[in-house]
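Step one of this worksheet: look at the structure below.
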Amino acid sequence: MKHTNKTLLTSILSLAIVLLFALKGIAGTAPADAKSGQQEAAESAYSLDMEMYMKPSIKPFIKDLTMLSEAEIKTLLDAEELTSPIYDKINALQQEIEAIDAGILEKNKEIFDKAEAIMAQHKELWDKVYDSIQGTEINLEDDRAMIKASKLSDEEKKTLLAAEDELDKNEIEINKVTDEIEAATKDLYEQVKKLYAEIDAINAKNKAIFDKIHDANLNIEGLENIGVPYSEMMDTNG
């Protein structure tokens, strides 16, 4: 089992909507003392991006869109009038999904608490593992390989390997919870996908205008994905 997956899964209660799609696909490893920082960064990114994600608009950036004519800007603003009520429907569905997620996650809170407790119990040993393998070519995605290759004593390695066994058992229970969430919200997500397809169809008519914005490489947060088909973004994010 990958160590970062455990970290991700124990933070799911506070990041349920953001992380739901990524629960089974995140790779990589980070030191134990970096876990809180990872969660804080994810929460911060969520907060910064959510307003534009929920209903993206060119209105805050009109002064920056010097590459567009007044007619092109008006065309995009007119299109936003069409997409705005669709985004409202999507946001209402997302709230339903969030409520379902929260209920299932709260019901199973003990499962996530157990994983967190196991990792917290052995934090000092994990810190020793990371310290001892720095600069090596050990596979950082394989917890057991890291433990066995570390400079821990045989007894310390035995302790961590036993903890890994407990975490693997716990992950089976966590996966059951994520499967329950996916089943409970499947129909709602299908509705969301159809609504995003409607938005994509509207935006596709103005692809040439959106291409002008992206070709300008403005590097302005909030504009980087404006007009990009949601089907493409979903494919990119797995």
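Following the order of the structure tokens, chains are lettered A, B, ..., residues in each are numbered from 1, and ligands are numbered from 1.
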_Selection near A:Ala162, 12 Å with only C-alpha atoms, sequence-local residues under 2 positions removed, as a PyMOL selection string_ = chain A and resi 118-119+122+143-144+147+155-160+164-169
*Residues at most 8 Å from stretch 207-215 of chain A, counting only C-alpha atoms, excluding those fewer than 3 positions away in the same chain, as a PyMOL selection string?*
chain A and resi 65+67-68+72+203-204+218+224+226-228
*Identify which of the residues A:Thr178, A:Thr66, A:Thr75, A:Ser153 lies closest to A:Asn206, counting only C-alpha atoms when measuring atom-to-atom distances.*
A:Thr75
*Write out as a PyMOL selection string the residues lying within 12 Å of A:Gln95, counting only C-alpha atoms and excluding same-chain residues fewer than 2 positions away.*
chain A and resi 16-17+54+88-93+97-102+185+188-189+192
Quick one: write out the picked residues with C-alpha atoms as an mmCIF file, in the first residue's frame?
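Just written: part-v8.cif:
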data_model
loop_
_atom_site.group_PDB
_atom_site.id
_atom_site.type_symbol
_atom_site.label_atom_id
_atom_site.label_comp_id
_atom_site.auth_asym_id
_atom_site.auth_seq_id
_atom_site.Cartn_x
_atom_site.Cartn_y
_atom_site.Cartn_z
ATOM 1 C CA ALA A 16 -14.580 14.783 0.806
ATOM 2 C CA ILE A 17 -15.744 16.503 -2.375
ATOM 3 C CA MET A 54 -18.499 26.781 -9.492
ATOM 4 C CA ASP A 88 -26.726 26.798 -10.713
ATOM 5 C CA LYS A 89 -28.234 23.368 -11.374
ATOM 6 C CA ILE A 90 -24.793 21.767 -11.131
ATOM 7 C CA ASN A 91 -24.071 23.519 -7.853
ATOM 8 C CA ALA A 92 -27.369 22.336 -6.395
ATOM 9 C CA LEU A 93 -26.506 18.762 -7.368
ATOM 10 C CA ILE A 97 -23.620 14.961 -3.327
ATOM 11 C CA GLU A 98 -21.738 16.670 -0.527
ATOM 12 C CA ALA A 99 -24.540 15.953 1.933
ATOM 13 C CA ILE A 100 -24.550 12.265 0.972
ATOM 14 C CA ASP A 101 -20.745 12.100 1.222
ATOM 15 C CA ALA A 102 -20.749 13.756 4.621
ATOM 16 C CA THR A 185 -23.917 9.421 -5.756
ATOM 17 C CA LEU A 188 -26.265 12.547 -9.325
ATOM 18 C CA TYR A 189 -22.835 12.594 -10.967
ATOM 19 C CA VAL A 192 -23.772 16.663 -13.436
#
*Once DSSP has gone over the backbone, tell me which residues of stretch 131-220 of chain A are in helix (DSSP H, G or I), as number ranges by chain.*
A: 131-133, 143-149, 154-204, 207-215
*Mind giving me the straight-line distance from atom CA of A:Pro229 to atom CA of A:Pro60 in Å, one decimal?*
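Separation between atom CA of A:Pro229 and atom CA of A:Pro60: 20.5 Å.
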Shell of 10 Å around A:Asp131, only C-alpha atoms, local chain residues under 5 positions omitted, as a PDB file with N, CA and C atoms, in the first residue's frame:
ATOM      1  N   PRO A  31       7.120  12.678   4.007  1.00  0.00           N
ATOM      2  CA  PRO A  31       7.418  12.441   5.406  1.00  0.00           C
ATOM      3  C   PRO A  31       6.200  12.664   6.274  1.00  0.00           C
ATOM      4  N   LEU A 125       8.908   6.557  14.415  1.00  0.00           N
ATOM      5  CA  LEU A 125       9.578   5.510  13.647  1.00  0.00           C
ATOM      6  C   LEU A 125       9.553   5.828  12.160  1.00  0.00           C
ATOM      7  N   TRP A 126       8.413   6.365  11.666  1.00  0.00           N
ATOM      8  CA  TRP A 126       8.354   6.728  10.258  1.00  0.00           C
ATOM      9  C   TRP A 126       9.335   7.856   9.938  1.00  0.00           C
ATOM     10  N   SER A 150      15.581   0.571   5.659  1.00  0.00           N
ATOM     11  CA  SER A 150      15.960   1.630   6.593  1.00  0.00           C
ATOM     12  C   SER A 150      16.981   1.132   7.608  1.00  0.00           C
ATOM     13  N   LYS A 151      17.454   2.058   8.435  1.00  0.00           N
ATOM     14  CA  LYS A 151      18.436   1.733   9.470  1.00  0.00           C
ATOM     15  C   LYS A 151      17.776   1.477  10.821  1.00  0.00           C
TER      16      LYS A 151
END
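We find atom CA of A:Ala216 and atom CA of A:Asp64 to be spaced 10.3 Å apart.
Coordinates place atom CA of A:Glu106 at a distance of 29.0 Å from atom CA of A:Glu141.
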*Counting only C-alpha atoms, which of A:Asn108, A:Ser57, A:Asn170, A:Ser132 gets nearest to A:Leu77?*
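Going through A:Asn108, A:Ser57, A:Asn170, A:Ser132 one by one, the smallest distance to A:Leu77 is for A:Ser57.
The neighbours of A:Ile199 here are the residues that come within 10 Å of it, using only C-alpha atoms and leaving out any residue fewer than 3 positions away in the same chain; they are Ala79, Glu80, Leu82, Thr83, Ser84, Ile86, Tyr87, Lys193, Lys194, Leu195, Tyr196, Ile202, Asn203, Ala204, Gly227, Pro229 and Tyr230 of chain A.
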